Amino acid sequence: MTGSTAGPWLGTMILAGSLALAAQAFAGPYQAPRTAWGAPDFQGQWTNFSLTHLERPAGVPAVVGKGDDLAAIEKKVSDGILPDDGLGSRESEWWPPSHLAVIDGQKRTAWITSTPDGRIPYTPEGLERRKAVRAKAFVDFDGPESRNTSERCLVPTFGALSPPMMNSPFAAGYRIVQTKDAVVIQSEINSDFRIIRLGGRHDTPGRVWSGDSIGHWDGATLVVDTVGFRPEESFRAPVFLIGPDAHVVERFTRTAKGEIRYAFTVEDPANYREPWSGEMIFTPLAEPIYEYACHEGNNSLPGLLQGARYVEAHPQKTAPSPGR
């Protein structure tokens, strides 16, 4: 390009860039798209897939800075979710590669934002209750009723749908459909549905899977209030414990073209010292949501119980630990 043509071309590009920046400045904050009846539009397929999970492992910073060893931090976070067993299970198609979530330009190592250590503020009684529930969920093979609700396909694994909604390390897809009277969220895990009634009151009595959720619009934000959880889903395998009398408030906000900011607060005095809060980002999901085909009578549960009966009928001595 000669000097005679470069000058005007460059000046035009600079002017176009300046006008674009000026337009952004005058446009103000992001305006969410609207449905035909005027509500903020959340409809479509979304995902919260990320290496970031609810709690922060000990010794890991809340936000990864430029001077931090990102690879080492991500490995520590990943080990806390699924330890590397040396057999390559973490590299299977069930566990696709993932990285820390980016929120407001920061790489976050936990969703929890309300506690300094990024951990759930359990009471001593709550910790003991969680320990007892986990022990029963993983070692009691007396019958199907003693297995955890995730194995029985009664609720999605990893607390993927019951509020507060967590991110699964696989099949972390969602579909949102809206009407004037309700917002429906489908989880890819279990192909399960959650119905949020708009403008209503809580059912009494209301003990339902994923709780009884009602919502209302606060400007461009969908605010959801949930109570009435079933006691059977207290253990959100394998993430955390939440009691049947918990109260969860969620806020869904379209903050950018390809972003829903999801914030939540959990109150459960039976298990926690104080309410705790967190936030995560949902982004568009381009790939299809597949059928999960999980139901309580599937082959894995009878097989698991048959295996337990076989072990009972053929007791063996415990193998010595390596090096002993």
# chains A, B, ... in the order shown; residues from 1 in each chain; ligands from 1
$ select_by_dssp --residues "stretch 38-149 of chain A" --states "helix (DSSP H, G or I)" --output "count of residues only"
34
$ residues_around --residues "stretch 46-54 of chain A" --least-positions-apart "5" --cutoff "7 Å" --atoms "only C-alpha atoms" --output "list in words"
Ser78, Ser98, His99, Leu100, Ala101, Arg108, Thr109, Ala110, Trp111, Ile112, Asn167, Ser168, Pro169, Ala172, Gly173, Tyr174, Arg175, Ile281, Phe282, Thr283, Pro284 and Leu285 of chain A
$ residues_around --residues "stretch 200-217 of chain A" --least-positions-apart "5" --cutoff "6 Å" --atoms "only C-alpha atoms" --output "CSV table (one decimal) with N, CA and C atoms, in the first residue's frame"
chain,number,residue,atom,x,y,z
A,162,SER,N,-31.3,-29.2,41.4
A,162,SER,CA,-31.9,-28.8,42.7
A,162,SER,C,-31.2,-27.5,43.1
A,222,LEU,N,-34.5,-12.5,37.1
A,222,LEU,CA,-35.5,-13.4,37.6
A,222,LEU,C,-35.0,-13.9,39.0
A,223,VAL,N,-35.9,-13.6,40.0
A,223,VAL,CA,-35.6,-13.9,41.4
A,223,VAL,C,-36.4,-15.2,41.7
A,224,VAL,N,-35.8,-16.2,42.2
A,224,VAL,CA,-36.5,-17.5,42.5
A,224,VAL,C,-36.3,-17.8,44.0
A,225,ASP,N,-37.4,-18.1,44.6
A,225,ASP,CA,-37.5,-18.5,46.0
A,225,ASP,C,-37.9,-20.0,46.1
A,226,THR,N,-37.1,-20.8,46.8
A,226,THR,CA,-37.3,-22.2,46.9
A,226,THR,C,-37.3,-22.7,48.3
A,227,VAL,N,-38.3,-23.5,48.7
A,227,VAL,CA,-38.4,-24.2,50.0
A,227,VAL,C,-39.0,-25.5,49.7
A,228,GLY,N,-39.2,-26.3,50.8
A,228,GLY,CA,-39.9,-27.6,50.7
A,228,GLY,C,-39.2,-28.7,50.0
A,229,PHE,N,-37.9,-28.9,50.3
A,229,PHE,CA,-37.1,-30.0,49.7
A,229,PHE,C,-37.5,-31.3,50.4
A,230,ARG,N,-37.4,-32.4,49.6
A,230,ARG,CA,-37.6,-33.7,50.2
A,230,ARG,C,-36.3,-34.1,51.0
$ closest_residue --among "A:Tyr30, A:Phe138, A:Phe264, A:Phe252" --to "A:Ile176" --atoms "only C-alpha atoms"
A:Phe252
$ closest_residue --among "A:Met280, A:Ala137, A:Val248, A:Ala220" --to "A:Asp41" --atoms "only C-alpha atoms"
A:Ala220
$ residues_around --residues "A:Ser114" --least-positions-apart "3" --cutoff "8 Å" --atoms "only C-alpha atoms" --output "list in words"
Gly118, Trp276, Ser277 and Gly278 of chain A
$ write_last_selection --atoms "all heavy atoms" --output "JSON list (two decimals), in the first residue's frame"
[["chain", "number", "residue", "atom", "x", "y", "z"],
["A", 118, "GLY", "N", -13.66, -19.71, 51.04],
["A", 118, "GLY", "CA", -14.37, -20.33, 49.93],
["A", 118, "GLY", "C", -14.94, -21.70, 50.27],
["A", 118, "GLY", "O", -15.08, -22.56, 49.40],
["A", 276, "TRP", "N", -24.88, -18.57, 53.23],
["A", 276, "TRP", "CA", -23.72, -18.47, 52.35],
["A", 276, "TRP", "C", -24.17, -18.28, 50.91],
["A", 276, "TRP", "O", -25.25, -18.68, 50.52],
["A", 276, "TRP", "CB", -22.80, -19.67, 52.48],
["A", 276, "TRP", "CG", -23.44, -21.02, 52.37],
["A", 276, "TRP", "CD1", -24.04, -21.74, 53.37],
["A", 276, "TRP", "CD2", -23.56, -21.83, 51.19],
["A", 276, "TRP", "NE1", -24.51, -22.94, 52.90],
["A", 276, "TRP", "CE2", -24.23, -23.04, 51.57],
["A", 276, "TRP", "CE3", -23.14, -21.68, 49.87],
["A", 276, "TRP", "CZ2", -24.50, -24.05, 50.66],
["A", 276, "TRP", "CZ3", -23.41, -22.70, 48.96],
["A", 276, "TRP", "CH2", -24.08, -23.87, 49.37],
["A", 277, "SER", "N", -23.32, -17.60, 50.14],
["A", 277, "SER", "CA", -23.70, -17.18, 48.79],
["A", 277, "SER", "C", -22.61, -17.51, 47.79],
["A", 277, "SER", "O", -21.44, -17.70, 48.15],
["A", 277, "SER", "CB", -23.97, -15.66, 48.76],
["A", 277, "SER", "OG", -24.98, -15.31, 49.68],
["A", 278, "GLY", "N", -23.00, -17.54, 46.54],
["A", 278, "GLY", "CA", -22.05, -17.78, 45.46],
["A", 278, "GLY", "C", -22.61, -17.31, 44.14],
["A", 278, "GLY", "O", -23.75, -16.84, 44.05]]
$ atom_distance --atom1 "atom CA of A:Gln106" --atom2 "atom CA of A:Lys66"
10.4 Å
$ residues_around --residues "A:Thr253" --least-positions-apart "6" --cutoff "9 Å" --atoms "only C-alpha atoms" --output "list in words"
Ala32, Pro40, Phe42, Ala220, Thr221, Leu222, Val223, Glu259, Ile260, Arg261, Tyr262 and Ala263 of chain A
$ write_last_selection --atoms "C-alpha atoms" --output "PDB file, in the first residue's frame"
ATOM      1  CA  ALA A  32     -31.396  -8.259  27.636  1.00  0.00           C
ATOM      2  CA  PRO A  40     -36.275 -10.836  29.758  1.00  0.00           C
ATOM      3  CA  PHE A  42     -33.472 -16.617  28.845  1.00  0.00           C
ATOM      4  CA  ALA A 220     -34.228  -7.690  34.211  1.00  0.00           C
ATOM      5  CA  THR A 221     -33.488 -10.292  36.906  1.00  0.00           C
ATOM      6  CA  LEU A 222     -35.473 -13.445  37.594  1.00  0.00           C
ATOM      7  CA  VAL A 223     -35.586 -13.944  41.372  1.00  0.00           C
ATOM      8  CA  GLU A 259     -23.958 -14.859  29.393  1.00  0.00           C
ATOM      9  CA  ILE A 260     -26.372 -15.486  32.251  1.00  0.00           C
ATOM     10  CA  ARG A 261     -25.064 -14.589  35.702  1.00  0.00           C
ATOM     11  CA  TYR A 262     -26.462 -16.981  38.288  1.00  0.00           C
ATOM     12  CA  ALA A 263     -26.237 -15.941  41.955  1.00  0.00           C
TER      13      ALA A 263
END
$ atom_distance --atom1 "atom CA of A:Ser234" --atom2 "atom CA of A:Ala132"
11.8 Å
$ closest_residue --among "A:His295, A:Arg254, A:Arg119, A:His314" --to "A:Pro33" --atoms "only C-alpha atoms"
A:Arg254
